[in-house]
file work.cif (mmCIF, C-alpha atoms)
data_upload
loop_
_atom_site.label_atom_id
_atom_site.label_comp_id
_atom_site.auth_asym_id
_atom_site.auth_seq_id
_atom_site.Cartn_x
_atom_site.Cartn_y
_atom_site.Cartn_z
CA MET A 1 8.42 28.45 -24.94
CA ILE A 2 7.68 29.20 -21.33
CA THR A 3 6.50 32.48 -19.85
CA ILE A 4 7.54 33.80 -16.43
CA HIS A 5 6.18 36.91 -14.73
CA VAL A 6 8.72 38.78 -12.63
CA LYS A 7 8.42 41.63 -10.14
CA ASP A 8 11.87 43.19 -9.69
CA THR A 9 13.12 44.80 -6.48
CA ASP A 10 12.09 48.27 -7.72
CA GLY A 11 8.52 47.05 -8.16
CA SER A 12 8.69 46.99 -11.97
CA ARG A 13 6.96 44.06 -13.65
CA HIS A 14 8.35 42.06 -16.55
CA THR A 15 7.15 39.14 -18.62
CA LEU A 16 10.02 36.95 -19.76
CA GLU A 17 9.74 34.30 -22.43
CA THR A 18 12.37 31.65 -22.97
CA GLU A 19 12.95 28.26 -24.54
CA VAL A 20 12.85 25.22 -22.27
CA ASN A 21 16.47 24.45 -21.41
CA PRO A 22 17.12 22.27 -18.37
CA THR A 23 20.86 23.04 -18.53
CA ALA A 24 20.16 26.76 -17.92
CA ASN A 25 18.57 28.15 -14.79
CA LEU A 26 16.24 30.92 -13.69
CA MET A 27 19.07 33.02 -12.19
CA GLU A 28 20.77 33.13 -15.59
CA LEU A 29 17.54 34.19 -17.26
CA LEU A 30 17.02 36.97 -14.68
CA THR A 31 20.58 38.32 -15.00
CA GLU A 32 20.38 38.14 -18.80
CA HIS A 33 17.36 40.46 -18.56
CA ARG A 34 19.22 42.71 -16.11
CA MET A 35 16.92 42.08 -13.18
CA ASP A 36 18.36 43.07 -9.78
CA VAL A 37 20.02 39.74 -9.09
CA ALA A 38 23.66 39.94 -7.98
CA ALA A 39 24.30 36.16 -8.16
CA ILE A 40 27.77 36.63 -6.81
CA CYS A 41 28.66 32.97 -6.34
CA GLY A 42 27.54 32.31 -9.90
CA GLY A 43 25.10 29.50 -9.19
CA MET A 44 26.58 27.43 -6.38
CA ALA A 45 23.75 28.02 -3.87
CA SER A 46 26.43 29.61 -1.71
CA CYS A 47 25.57 33.32 -1.47
CA GLY A 48 21.79 33.70 -1.42
CA THR A 49 21.88 36.81 -3.62
CA CYS A 50 19.62 35.26 -6.31
CA HIS A 51 16.83 34.68 -3.74
CA VAL A 52 13.33 34.94 -5.25
CA GLY A 53 9.81 34.27 -4.02
CA PHE A 54 7.38 32.12 -6.00
CA MET A 55 4.05 33.88 -5.54
CA LYS A 56 2.49 31.42 -8.00
CA GLY A 57 3.73 28.19 -9.55
CA GLY A 58 6.22 27.18 -6.85
CA GLU A 59 4.34 24.00 -6.04
CA THR A 60 5.14 22.43 -9.41
CA LEU A 61 8.90 22.63 -8.82
CA ASP A 62 11.11 19.95 -7.33
CA ASN A 63 11.83 20.48 -3.64
CA PRO A 64 15.11 22.25 -2.76
CA GLU A 65 18.22 20.08 -2.49
CA ASP A 66 20.18 20.33 0.78
CA ASP A 67 22.55 23.11 -0.42
CA GLU A 68 19.66 25.33 -1.41
CA ALA A 69 17.56 24.57 1.67
CA PHE A 70 20.50 25.33 3.93
CA MET A 71 21.17 28.70 2.31
CA LEU A 72 17.48 29.66 2.31
CA GLU A 73 17.28 28.92 6.00
CA THR A 74 20.13 31.33 6.64
CA LEU A 75 18.47 34.27 4.90
CA PRO A 76 16.83 36.83 7.17
CA ASN A 77 14.10 37.47 4.60
CA TYR A 78 13.21 33.80 4.09
CA ARG A 79 9.56 32.99 3.54
CA PRO A 80 7.75 29.77 2.65
CA GLU A 81 7.72 30.95 -0.99
CA SER A 82 11.52 31.36 -1.02
CA ARG A 83 13.79 29.69 -3.60
CA LEU A 84 17.26 30.29 -4.98
CA SER A 85 16.75 31.03 -8.66
CA CYS A 86 20.15 29.50 -9.53
CA GLN A 87 18.83 26.10 -8.50
CA ILE A 88 15.70 26.21 -10.71
CA PRO A 89 16.22 24.77 -14.20
CA LEU A 90 14.32 26.31 -17.10
CA THR A 91 11.74 23.54 -17.54
CA GLU A 92 8.03 23.41 -18.38
CA ALA A 93 7.32 23.46 -14.65
CA LEU A 94 8.14 27.19 -14.66
CA ASP A 95 5.55 28.10 -17.29
CA GLY A 96 3.19 30.76 -15.95
CA ALA A 97 5.10 31.20 -12.68
CA GLU A 98 4.91 34.53 -10.88
CA ILE A 99 8.04 35.45 -8.99
CA GLU A 100 9.39 38.37 -7.00
CA VAL A 101 13.11 39.19 -6.78
CA TRP A 102 13.99 39.40 -3.08
CA GLY A 103 17.78 39.18 -2.80
CA ASP A 104 19.57 38.11 0.36
CA THR A 105 18.97 41.09 2.61
CA VAL A 106 15.95 43.05 3.71
CA MET B 1 50.88 54.03 10.50
CA ILE B 2 51.73 51.32 7.96
CA GLN B 3 53.84 52.45 5.01
CA THR B 4 53.97 50.37 1.83
CA ASP B 5 54.42 50.57 -1.92
CA ILE B 6 50.98 49.23 -2.77
CA CYS B 7 47.91 48.84 -0.63
CA ILE B 8 45.64 46.11 -1.95
CA VAL B 9 42.01 46.38 -0.85
CA GLY B 10 40.64 42.83 -0.83
CA ALA B 11 42.55 39.61 -0.13
CA GLY B 12 40.66 37.24 -2.43
CA PRO B 13 42.47 35.16 -5.06
CA VAL B 14 43.09 38.13 -7.35
CA GLY B 15 44.32 40.41 -4.56
CA LEU B 16 46.67 37.68 -3.40
CA PHE B 17 48.05 37.03 -6.88
CA ALA B 18 48.62 40.77 -7.32
CA VAL B 19 51.24 40.44 -4.54
CA PHE B 20 53.10 37.95 -6.73
CA GLU B 21 53.00 40.02 -9.92
CA THR B 22 53.99 43.25 -8.19
CA GLY B 23 56.58 41.37 -6.11
CA LEU B 24 58.33 40.22 -9.28
CA LEU B 25 58.79 43.92 -10.01
CA GLU B 26 60.15 44.56 -6.51
CA MET B 27 57.13 46.28 -5.03
CA ARG B 28 55.89 45.55 -1.51
CA CYS B 29 52.23 45.08 -0.67
CA HIS B 30 49.94 45.45 2.31
CA LEU B 31 46.49 43.86 2.03
CA ILE B 32 43.32 44.84 3.88
CA ASP B 33 40.20 42.67 3.99
CA ALA B 34 36.94 42.93 5.91
CA LEU B 35 36.90 39.18 6.53
CA PRO B 36 39.00 37.72 9.33
CA GLN B 37 40.78 35.38 6.87
CA VAL B 38 42.25 35.67 3.36
CA GLY B 39 40.60 34.13 0.31
CA GLY B 40 37.49 36.28 -0.12
CA GLN B 41 34.40 34.38 -1.20
CA LEU B 42 36.45 31.25 -1.89
CA SER B 43 37.19 30.92 1.81
CA GLU B 44 33.95 32.41 3.08
CA LEU B 45 31.36 30.85 0.79
CA TYR B 46 32.67 27.66 -0.81
CA PRO B 47 36.08 26.47 0.43
CA GLN B 48 35.14 22.82 -0.16
CA LYS B 49 33.84 23.27 -3.70
CA PRO B 50 35.95 22.43 -6.77
CA ILE B 51 37.02 24.94 -9.43
CA TYR B 52 37.73 23.50 -12.88
CA ASP B 53 38.96 26.47 -14.91
CA ILE B 54 42.25 27.36 -13.28
CA PRO B 55 44.90 26.70 -15.95
CA GLY B 56 47.05 23.71 -15.06
CA HIS B 57 44.60 22.47 -12.40
CA PRO B 58 42.05 20.01 -13.80
CA SER B 59 40.24 20.49 -10.49
CA VAL B 60 41.18 22.40 -7.37
CA LEU B 61 39.19 23.02 -4.19
CA ALA B 62 38.62 26.73 -3.59
CA GLY B 63 40.27 26.47 -0.16
CA ASP B 64 43.30 24.71 -1.64
CA LEU B 65 43.69 27.35 -4.35
CA ILE B 66 43.89 30.00 -1.64
CA ARG B 67 46.46 28.00 0.36
CA ASN B 68 48.55 27.58 -2.81
CA LEU B 69 48.36 31.30 -3.55
CA GLU B 70 49.50 32.08 -0.01
CA ALA B 71 52.51 29.81 -0.51
CA GLN B 72 53.21 31.35 -3.91
CA ILE B 73 53.31 34.92 -2.58
CA ALA B 74 55.14 34.12 0.67
CA PRO B 75 58.60 35.09 -0.76
CA PHE B 76 57.32 38.65 -1.17
CA LYS B 77 56.37 38.92 2.52
CA PRO B 78 53.00 40.65 2.17
CA THR B 79 51.53 42.16 5.33
CA PHE B 80 47.86 42.03 6.25
CA THR B 81 45.14 43.89 8.10
CA LEU B 82 42.23 41.44 8.37
CA GLY B 83 38.75 41.89 9.81
CA GLU B 84 38.74 45.59 8.99
CA ARG B 85 36.97 47.51 6.26
CA VAL B 86 38.59 50.39 4.40
CA GLU B 87 36.39 53.44 4.94
CA GLN B 88 38.43 56.26 3.44
CA LEU B 89 40.74 56.54 0.48
CA LEU B 90 42.39 59.95 0.56
CA PRO B 91 44.78 61.13 -2.16
CA GLN B 92 47.63 63.14 -0.60
CA ALA B 93 49.35 66.25 -1.95
CA ASP B 94 52.57 64.30 -2.61
CA GLY B 95 50.80 61.77 -4.87
CA ARG B 96 50.55 59.10 -2.20
CA PHE B 97 47.35 57.68 -0.73
CA ARG B 98 46.12 57.43 2.82
CA LEU B 99 43.68 54.64 3.65
CA GLU B 100 41.74 54.46 6.90
CA THR B 101 39.81 51.45 8.19
CA ASN B 102 36.72 51.25 10.40
CA ARG B 103 38.99 50.25 13.31
CA GLY B 104 41.38 53.14 12.93
CA THR B 105 44.23 51.42 11.05
CA VAL B 106 45.99 53.84 8.73
CA VAL B 107 47.99 52.76 5.68
CA GLU B 108 50.00 55.08 3.45
CA ALA B 109 50.83 53.77 -0.03
CA LYS B 110 52.27 54.96 -3.32
CA ALA B 111 49.45 53.23 -5.19
CA VAL B 112 46.18 51.46 -4.39
CA VAL B 113 44.82 48.32 -5.99
CA ILE B 114 41.16 47.58 -5.37
CA ALA B 115 40.54 43.84 -5.66
CA GLY B 116 37.35 43.90 -3.67
CA GLY B 117 35.13 41.42 -5.52
CA LEU B 118 31.60 42.71 -4.99
CA GLY B 119 32.59 44.67 -1.90
CA SER B 120 33.07 43.76 1.72
CA PHE B 121 31.15 41.02 3.47
CA GLU B 122 28.69 42.50 5.94
CA PRO B 123 26.35 40.67 8.32
CA ARG B 124 22.86 40.10 6.98
CA LYS B 125 20.38 41.90 9.21
CA PRO B 126 16.90 40.67 10.02
CA ALA B 127 13.89 42.85 9.21
CA LEU B 128 13.07 43.99 12.70
CA GLU B 129 11.43 47.03 14.15
CA GLY B 130 13.85 49.05 16.26
CA LEU B 131 16.88 47.02 15.24
CA GLU B 132 19.27 49.81 14.31
CA ALA B 133 18.48 51.83 17.44
CA PHE B 134 19.87 49.00 19.56
CA GLU B 135 23.04 48.30 17.54
CA GLN B 136 25.98 48.38 19.96
CA LYS B 137 23.36 48.75 22.72
CA GLY B 138 22.74 45.07 23.04
CA VAL B 139 22.58 44.06 19.38
CA GLU B 140 25.78 42.69 17.82
CA TYR B 141 26.11 40.75 14.56
CA MET B 142 29.23 38.85 15.51
CA VAL B 143 30.84 37.68 18.70
CA ARG B 144 34.12 39.53 19.11
CA ASP B 145 34.72 38.75 22.77
CA PRO B 146 32.57 36.00 24.34
CA GLU B 147 33.46 37.22 27.85
CA VAL B 148 31.22 40.23 27.28
CA TYR B 149 28.26 37.84 27.62
CA ARG B 150 29.26 36.30 30.94
CA GLY B 151 26.29 36.45 33.32
CA LYS B 152 24.08 38.14 30.72
CA ARG B 153 20.74 37.11 29.23
CA VAL B 154 21.53 36.41 25.59
CA VAL B 155 19.30 35.72 22.58
CA ILE B 156 20.85 34.21 19.45
CA ALA B 157 18.80 34.09 16.24
CA GLY B 158 19.65 31.82 13.31
CA GLY B 159 19.97 28.15 12.44
CA GLY B 160 23.32 27.86 10.68
CA ASP B 161 26.61 26.55 11.99
CA SER B 162 27.72 29.80 13.61
CA ALA B 163 24.38 30.20 15.44
CA LEU B 164 24.67 26.63 16.77
CA ASP B 165 28.36 26.95 17.68
CA TRP B 166 27.88 30.20 19.57
CA ALA B 167 24.70 28.95 21.27
CA MET B 168 26.65 25.99 22.63
CA TYR B 169 29.64 28.09 23.65
CA LEU B 170 27.73 30.95 25.25
CA SER B 171 25.32 28.63 27.08
CA GLU B 172 28.24 28.00 29.46
CA LEU B 173 28.89 31.69 30.11
CA ALA B 174 25.53 33.40 29.87
CA ALA B 175 23.05 33.61 32.70
CA GLU B 176 20.36 32.59 30.19
CA LEU B 177 20.66 31.64 26.57
CA HIS B 178 17.81 31.60 24.08
CA LEU B 179 18.17 30.27 20.54
CA ILE B 180 15.50 31.38 18.07
CA HIS B 181 15.15 29.37 14.87
CA ARG B 182 12.42 29.54 12.29
CA ARG B 183 12.22 25.81 11.67
CA ASP B 184 12.01 22.67 13.80
CA GLU B 185 15.33 21.22 12.72
CA PHE B 186 18.82 22.44 12.00
CA ARG B 187 20.66 21.93 8.76
CA GLY B 188 24.02 22.89 10.19
CA ALA B 189 26.48 20.16 11.17
CA PRO B 190 24.20 17.32 12.41
CA ASP B 191 26.43 16.82 15.43
CA SER B 192 25.94 20.46 16.51
CA GLY B 193 22.18 20.17 16.07
CA LYS B 194 22.08 17.16 18.37
CA LYS B 195 24.23 18.88 21.01
CA VAL B 196 21.93 21.90 21.00
CA PHE B 197 18.89 19.65 21.52
CA ASP B 198 20.74 17.88 24.35
CA LEU B 199 21.62 21.20 26.00
CA ALA B 200 18.00 22.30 25.73
CA GLU B 201 16.84 19.08 27.34
CA ALA B 202 19.34 19.56 30.16
CA GLY B 203 17.97 23.04 30.73
CA LYS B 204 21.20 24.78 29.69
CA LEU B 205 19.55 26.75 26.93
CA HIS B 206 16.07 27.72 25.84
CA LEU B 207 15.20 26.60 22.35
CA HIS B 208 12.47 28.46 20.46
CA LEU B 209 11.68 26.53 17.26
CA SER B 210 9.31 27.55 14.47
CA ALA B 211 9.73 30.99 16.00
CA GLN B 212 10.36 34.40 14.47
CA LEU B 213 11.82 37.64 15.74
CA VAL B 214 9.17 40.35 15.82
CA ARG B 215 10.53 43.47 17.51
CA LEU B 216 12.93 44.82 20.09
CA GLU B 217 12.02 46.83 23.14
CA GLY B 218 14.00 48.84 25.64
CA GLY B 219 15.12 52.30 26.66
CA ASP B 220 18.73 53.30 26.07
CA GLU B 221 19.72 49.65 26.06
CA LEU B 222 18.01 46.51 24.79
CA GLU B 223 15.61 45.09 27.38
CA ARG B 224 13.33 42.65 25.56
CA VAL B 225 13.29 40.59 22.39
CA VAL B 226 9.75 39.86 21.25
CA ILE B 227 9.20 36.74 19.15
CA THR B 228 6.26 34.76 17.84
CA ASP B 229 6.14 31.12 18.85
CA ARG B 230 4.91 28.21 16.74
CA ASN B 231 1.31 29.20 17.44
CA LYS B 232 2.06 32.72 16.16
CA GLU B 233 1.62 34.10 19.66
CA GLU B 234 3.93 36.79 20.92
CA VAL B 235 6.43 35.94 23.62
CA ALA B 236 8.62 38.60 25.24
CA ILE B 237 12.09 37.45 26.31
CA GLU B 238 13.90 39.64 28.84
CA ALA B 239 17.36 40.06 27.34
CA ASP B 240 20.59 42.06 27.60
CA ALA B 241 21.87 41.00 24.21
CA LEU B 242 20.63 39.87 20.81
CA ILE B 243 23.05 38.26 18.35
CA PRO B 244 21.39 37.72 14.93
CA LEU B 245 23.55 35.27 12.96
CA PHE B 246 22.19 35.13 9.42
CA GLY B 247 25.44 34.87 7.50
CA LEU B 248 27.29 37.47 5.47
CA SER B 249 26.45 39.34 2.30
CA PRO B 250 28.79 41.42 0.13
CA LYS B 251 28.15 45.16 -0.01
CA LEU B 252 30.04 47.63 -2.16
CA GLY B 253 30.05 49.92 0.87
CA PRO B 254 32.40 52.88 1.10
CA ILE B 255 34.09 52.12 -2.26
CA ALA B 256 31.08 53.82 -3.85
CA ASP B 257 32.09 57.08 -2.16
CA TRP B 258 35.71 57.27 -3.26
CA GLY B 259 34.99 59.36 -6.35
CA LEU B 260 35.73 56.59 -8.86
CA ASP B 261 33.81 56.26 -12.11
CA LEU B 262 31.35 53.41 -11.65
CA ASP B 263 29.04 51.42 -13.90
CA LYS B 264 26.34 50.04 -11.60
CA ARG B 265 28.34 48.31 -8.86
CA GLN B 266 31.57 47.96 -10.85
CA ILE B 267 34.58 50.26 -11.21
CA LYS B 268 35.45 51.36 -14.73
CA VAL B 269 39.08 50.77 -15.75
CA ASP B 270 41.44 51.34 -18.68
CA VAL B 271 42.13 47.89 -20.14
CA GLU B 272 45.80 48.63 -20.88
CA THR B 273 46.67 49.58 -17.32
CA PHE B 274 43.67 48.62 -15.16
CA GLU B 275 43.83 52.09 -13.70
CA THR B 276 40.55 53.66 -12.55
CA SER B 277 39.43 57.23 -13.19
CA LEU B 278 41.63 58.25 -10.24
CA PRO B 279 45.32 58.10 -11.26
CA GLY B 280 47.29 55.77 -9.01
CA VAL B 281 44.21 53.74 -8.06
CA TYR B 282 43.76 50.46 -9.91
CA ALA B 283 40.92 47.92 -9.89
CA ILE B 284 41.23 44.24 -10.77
CA GLY B 285 39.05 41.14 -10.52
CA ASP B 286 35.27 41.01 -10.14
CA ILE B 287 35.01 44.60 -8.97
CA ASN B 288 36.01 46.17 -12.28
CA THR B 289 34.24 46.44 -15.60
CA TYR B 290 35.28 47.03 -19.20
CA PRO B 291 33.95 45.92 -22.59
CA GLY B 292 34.02 42.14 -22.73
CA LYS B 293 34.66 41.70 -18.99
CA LEU B 294 34.42 38.11 -17.75
CA LYS B 295 34.19 37.57 -14.01
CA LEU B 296 36.62 34.68 -13.89
CA ILE B 297 39.50 34.15 -11.50
CA LEU B 298 41.82 33.55 -14.44
CA CYS B 299 40.85 36.90 -15.96
CA GLY B 300 41.59 38.54 -12.60
CA PHE B 301 45.05 36.95 -12.65
CA HIS B 302 45.67 38.40 -16.12
CA GLU B 303 44.51 41.80 -14.91
CA ALA B 304 46.91 41.58 -11.95
CA ALA B 305 49.85 41.07 -14.31
CA MET B 306 48.79 43.93 -16.58
CA MET B 307 48.26 46.20 -13.57
CA ALA B 308 51.68 45.37 -12.12
CA HIS B 309 53.48 46.42 -15.28
CA SER B 310 51.62 49.72 -15.24
CA VAL B 311 51.82 50.57 -11.53
CA VAL B 312 55.58 49.94 -11.44
CA LYS B 313 56.14 53.14 -13.39
CA ARG B 314 54.49 55.08 -10.61
CA VAL B 315 55.85 53.18 -7.63
CA ARG B 316 59.40 52.58 -8.92
CA PRO B 317 60.15 55.33 -11.43
CA ASP B 318 63.85 54.72 -10.66
CA ARG B 319 63.72 51.15 -11.97
CA LYS B 320 65.91 50.97 -15.05
CA SER B 321 64.24 48.11 -16.88
CA THR B 322 60.55 47.39 -16.90
CA THR B 323 60.87 44.72 -19.58
CA MET B 324 58.79 41.68 -18.77
CA LYS B 325 60.94 38.72 -17.74
CA TYR B 326 60.03 35.04 -17.48
CA THR B 327 60.19 33.58 -13.97
CA THR B 328 61.79 30.47 -15.49
CA VAL B 329 64.73 32.68 -16.49
CA THR B 330 64.96 34.88 -13.40
CA GLY B 331 63.64 32.62 -10.67
CA ILE B 332 61.85 34.18 -7.71
CA SER B 333 63.81 36.72 -5.69
CA GLY B 334 61.87 37.48 -2.55
CA PHE B 335 62.48 40.36 -0.19
#
call {"tool": "encode", "arguments": {"input": "work.cif", "output": "structure tokens"}}
result
Amino acid sequence: MITIHVKDTDGSRHTLETEVNPTANLMELLTEHRMDVAAICGGMASCGTCHVGFMKGGETLDNPEDDEAFMLETLPNYRPESRLSCQIPLTEALDGAEIEVWGDTV
Amino acid sequence: MIQTDICIVGAGPVGLFAVFETGLLEMRCHLIDALPQVGGQLSELYPQKPIYDIPGHPSVLAGDLIRNLEAQIAPFKPTFTLGERVEQLLPQADGRFRLETNRGTVVEAKAVVIAGGLGSFEPRKPALEGLEAFEQKGVEYMVRDPEVYRGKRVVIAGGGDSALDWAMYLSELAAELHLIHRRDEFRGAPDSGKKVFDLAEAGKLHLHLSAQLVRLEGGDELERVVITDRNKEEVAIEADALIPLFGLSPKLGPIADWGLDLDKRQIKVDVETFETSLPGVYAIGDINTYPGKLKLILCGFHEAAMMAHSVVKRVRPDRKSTTMKYTTVTGISGF
């Protein structure tokens, strides 16, 4: 099991627990728990609507692939902590992470 | 004013296929979409990506699927208003509907089909003090007419393909062109990135890398764009225009104000007819919701067929037979 701490767009805080499953991703976990993630392209790194910030634990993740990096760069609310949750597999590396849901607009 | 049987709001794959299904039942369609091209998010977000769950297509590129749909509906001669957003949906006393766009186009239809995905694509705006006060007073989120910028001092913000393309193009016209980008390199087309660096070296444009927009200043019109440079120090750029190009994001927009029953950002429909809470207004594709809803293109196609066989009773009450017929038997009779 891994534990992820989430601050949603309305400021509410949630602790999510899930099995390790590298074929599933963080965006799916967030939408399953009805966090404010639109994820309109469904996980193709094409829309930016699943944008989150890793306030803690981001350094243990693999670096963004080109598709993700390109989309992040486009977002007006990009910060160094930015990631697209659809590109983050549910692996041990996420355990204990603290994230904020940011979405693709300010 | 445009008169039609059915006005389809949204020209994505499901809106396009609705032209086919309603066309089989001899109804004419006019489509309106906020994007300048048809195809919705397939054209806008991922035209070069493959889709694997379209029946009969082991794999099809999103852009190709849209081109095929355009060919498939061509016999029914749909008409289009593109690059405009529907603002108003007004039921009329005679049972018809009047739709008005943000650019003043008016469509009158016997029925309305909303196939709007997650809404209309709107420019993403940067978080910037004073931004809204200068909209249309120097700040524009897209370039409609490049000539407007001839001889002006222009600031473009962004690092994607459209920011690079417009920076190159406008550097020829503008008195001064500044490109603000938050990193040191560009991930857009590598060729464009190189050209922009070359132009900067030749003194044709001013490149501000590892820079951020901070605030806008001016009176009635924009006068200065203040940024921070790579050393986090403020730099004021005298400017007549700012064009932030940070891509597009879908917004439900005015649809939320049309008096339809909604569940979060989706429109509730009757699963037999795909009619909304407003009789004569239907919703198909990603924008609707019902128990068991799956946001798949193929489900949207199914919904288009179901909708067509319901809306025909309203649009063509004179039609003698509404029995479903196979296209293999009847062929396609266009208009």
call {"tool": "resolve_selection", "arguments": {"input": "work.cif", "expression": "the PyMOL selection byres ((chain B) within 7 of (chain A))", "output": "list in words"}}
result
Leu45, Tyr46, Arg124, Lys125, Pro126, Ala127, Gly158, Gly159, Gly160, Arg187, Phe246 and Gly247 of chain B
call {"tool": "resolve_selection", "arguments": {"input": "work.cif", "expression": "the PyMOL selection byres ((chain A and resi 50) around 6)", "output": "CSV table (one decimal) with C-alpha atoms, in the frame of the given file"}}
result
chain,number,residue,atom,x,y,z
A,37,VAL,CA,20.0,39.7,-9.1
A,39,ALA,CA,24.3,36.2,-8.2
A,48,GLY,CA,21.8,33.7,-1.4
A,49,THR,CA,21.9,36.8,-3.6
A,51,HIS,CA,16.8,34.7,-3.7
A,84,LEU,CA,17.3,30.3,-5.0
A,85,SER,CA,16.8,31.0,-8.7
A,103,GLY,CA,17.8,39.2,-2.8
call {"tool": "residues_around", "arguments": {"input": "work.cif", "residues": "Thr60 (chain A)", "least_positions_apart": "4", "cutoff": "10 Å", "atoms": "only C-alpha atoms", "output": "list in words"}}
result
Lys56, Glu92, Ala93, Leu94, Asp95 and Ala97 of chain A
call {"tool": "resolve_selection", "arguments": {"input": "work.cif", "expression": "the PyMOL selection byres ((chain B and resi 249-258) around 7)", "output": "PDB file with C-alpha atoms, in the frame of the given file"}}
result
ATOM      1  CA  GLU B  87      36.390  53.440   4.940  1.00  0.00           C
ATOM      2  CA  LEU B  89      40.740  56.540   0.480  1.00  0.00           C
ATOM      3  CA  LEU B 118      31.600  42.710  -4.990  1.00  0.00           C
ATOM      4  CA  GLY B 119      32.590  44.670  -1.900  1.00  0.00           C
ATOM      5  CA  SER B 120      33.070  43.760   1.720  1.00  0.00           C
ATOM      6  CA  PHE B 121      31.150  41.020   3.470  1.00  0.00           C
ATOM      7  CA  GLU B 122      28.690  42.500   5.940  1.00  0.00           C
ATOM      8  CA  PRO B 123      26.350  40.670   8.320  1.00  0.00           C
ATOM      9  CA  ARG B 124      22.860  40.100   6.980  1.00  0.00           C
ATOM     10  CA  GLY B 247      25.440  34.870   7.500  1.00  0.00           C
ATOM     11  CA  LEU B 248      27.290  37.470   5.470  1.00  0.00           C
ATOM     12  CA  GLY B 259      34.990  59.360  -6.350  1.00  0.00           C
ATOM     13  CA  LEU B 260      35.730  56.590  -8.860  1.00  0.00           C
ATOM     14  CA  ARG B 265      28.340  48.310  -8.860  1.00  0.00           C
TER      15      ARG B 265
END
call {"tool": "residues_around", "arguments": {"input": "work.cif", "residues": "Val101 (chain A)", "least_positions_apart": "2", "cutoff": "7 Å", "atoms": "all atoms listed in the file", "output": "ChimeraX atom specification"}}
result
/A:7-9,51-53,99,103
call {"tool": "residues_around", "arguments": {"input": "work.cif", "residues": "Thr18 (chain A)", "least_positions_apart": "2", "cutoff": "9 Å", "atoms": "only C-alpha atoms", "output": "list in words"}}
result
Met1, Ile2, Thr3, Ile4, Leu16, Val20, Asn21, Leu29 and Leu90 of chain A
call {"tool": "residues_around", "arguments": {"input": "work.cif", "residues": "Leu242 (chain B)", "least_positions_apart": "2", "cutoff": "9 Å", "atoms": "only C-alpha atoms", "output": "count of residues only"}}
result
14
call {"tool": "atom_distance", "arguments": {"input": "work.cif", "atom1": "CA of Glu68 (chain A)", "atom2": "CA of Gly43 (chain A)"}}
result
10.4 Å
call {"tool": "residues_around", "arguments": {"input": "work.cif", "residues": "Cys86 (chain A)", "least_positions_apart": "5", "cutoff": "6 Å", "atoms": "only C-alpha atoms", "output": "compact mmCIF listing (two decimals) with C-alpha atoms, in the frame of the given file"}}
result
# COMPACT_ATOMS: atom_id res chain seq x y z
CA ASN A 25 18.57 28.15 -14.79
CA LEU A 26 16.24 30.92 -13.69
CA MET A 27 19.07 33.02 -12.19
CA GLY A 43 25.10 29.50 -9.19
call {"tool": "atom_distance", "arguments": {"input": "work.cif", "atom1": "CA of Gly300 (chain B)", "atom2": "CA of Pro89 (chain A)"}}
result
28.9 Å
call {"tool": "build_atoms", "arguments": {"input": "work.cif", "residues": "region 80-90 of chain A", "atoms": "N, CA and C atoms", "output": "PDB file, keeping the file's coordinate frame"}}
result
ATOM      1  N   PRO A  80       8.061  31.096   3.209  1.00  0.00           N
ATOM      2  CA  PRO A  80       7.750  29.770   2.650  1.00  0.00           C
ATOM      3  C   PRO A  80       7.847  29.736   1.115  1.00  0.00           C
ATOM      4  N   GLU A  81       7.679  30.894   0.474  1.00  0.00           N
ATOM      5  CA  GLU A  81       7.720  30.950  -0.990  1.00  0.00           C
ATOM      6  C   GLU A  81       9.153  31.051  -1.523  1.00  0.00           C
ATOM      7  N   SER A  82      10.134  31.090  -0.623  1.00  0.00           N
ATOM      8  CA  SER A  82      11.520  31.360  -1.020  1.00  0.00           C
ATOM      9  C   SER A  82      12.147  30.246  -1.847  1.00  0.00           C
ATOM     10  N   ARG A  83      12.915  30.610  -2.874  1.00  0.00           N
ATOM     11  CA  ARG A  83      13.790  29.690  -3.600  1.00  0.00           C
ATOM     12  C   ARG A  83      15.027  30.449  -4.057  1.00  0.00           C
ATOM     13  N   LEU A  84      16.084  29.686  -4.338  1.00  0.00           N
ATOM     14  CA  LEU A  84      17.260  30.290  -4.980  1.00  0.00           C
ATOM     15  C   LEU A  84      17.096  30.074  -6.479  1.00  0.00           C
ATOM     16  N   SER A  85      17.043  31.175  -7.233  1.00  0.00           N
ATOM     17  CA  SER A  85      16.750  31.030  -8.660  1.00  0.00           C
ATOM     18  C   SER A  85      17.847  30.256  -9.395  1.00  0.00           C
ATOM     19  N   CYS A  86      19.066  30.227  -8.845  1.00  0.00           N
ATOM     20  CA  CYS A  86      20.150  29.500  -9.530  1.00  0.00           C
ATOM     21  C   CYS A  86      19.949  27.999  -9.479  1.00  0.00           C
ATOM     22  N   GLN A  87      19.036  27.543  -8.638  1.00  0.00           N
ATOM     23  CA  GLN A  87      18.830  26.100  -8.500  1.00  0.00           C
ATOM     24  C   GLN A  87      17.565  25.631  -9.236  1.00  0.00           C
ATOM     25  N   ILE A  88      16.954  26.552 -10.013  1.00  0.00           N
ATOM     26  CA  ILE A  88      15.700  26.210 -10.710  1.00  0.00           C
ATOM     27  C   ILE A  88      15.971  26.097 -12.208  1.00  0.00           C
ATOM     28  N   PRO A  89      15.975  24.908 -12.753  1.00  0.00           N
ATOM     29  CA  PRO A  89      16.220  24.770 -14.200  1.00  0.00           C
ATOM     30  C   PRO A  89      15.060  25.329 -15.016  1.00  0.00           C
ATOM     31  N   LEU A  90      15.365  25.736 -16.237  1.00  0.00           N
ATOM     32  CA  LEU A  90      14.320  26.310 -17.100  1.00  0.00           C
ATOM     33  C   LEU A  90      13.539  25.158 -17.756  1.00  0.00           C
TER      34      LEU A  90
END
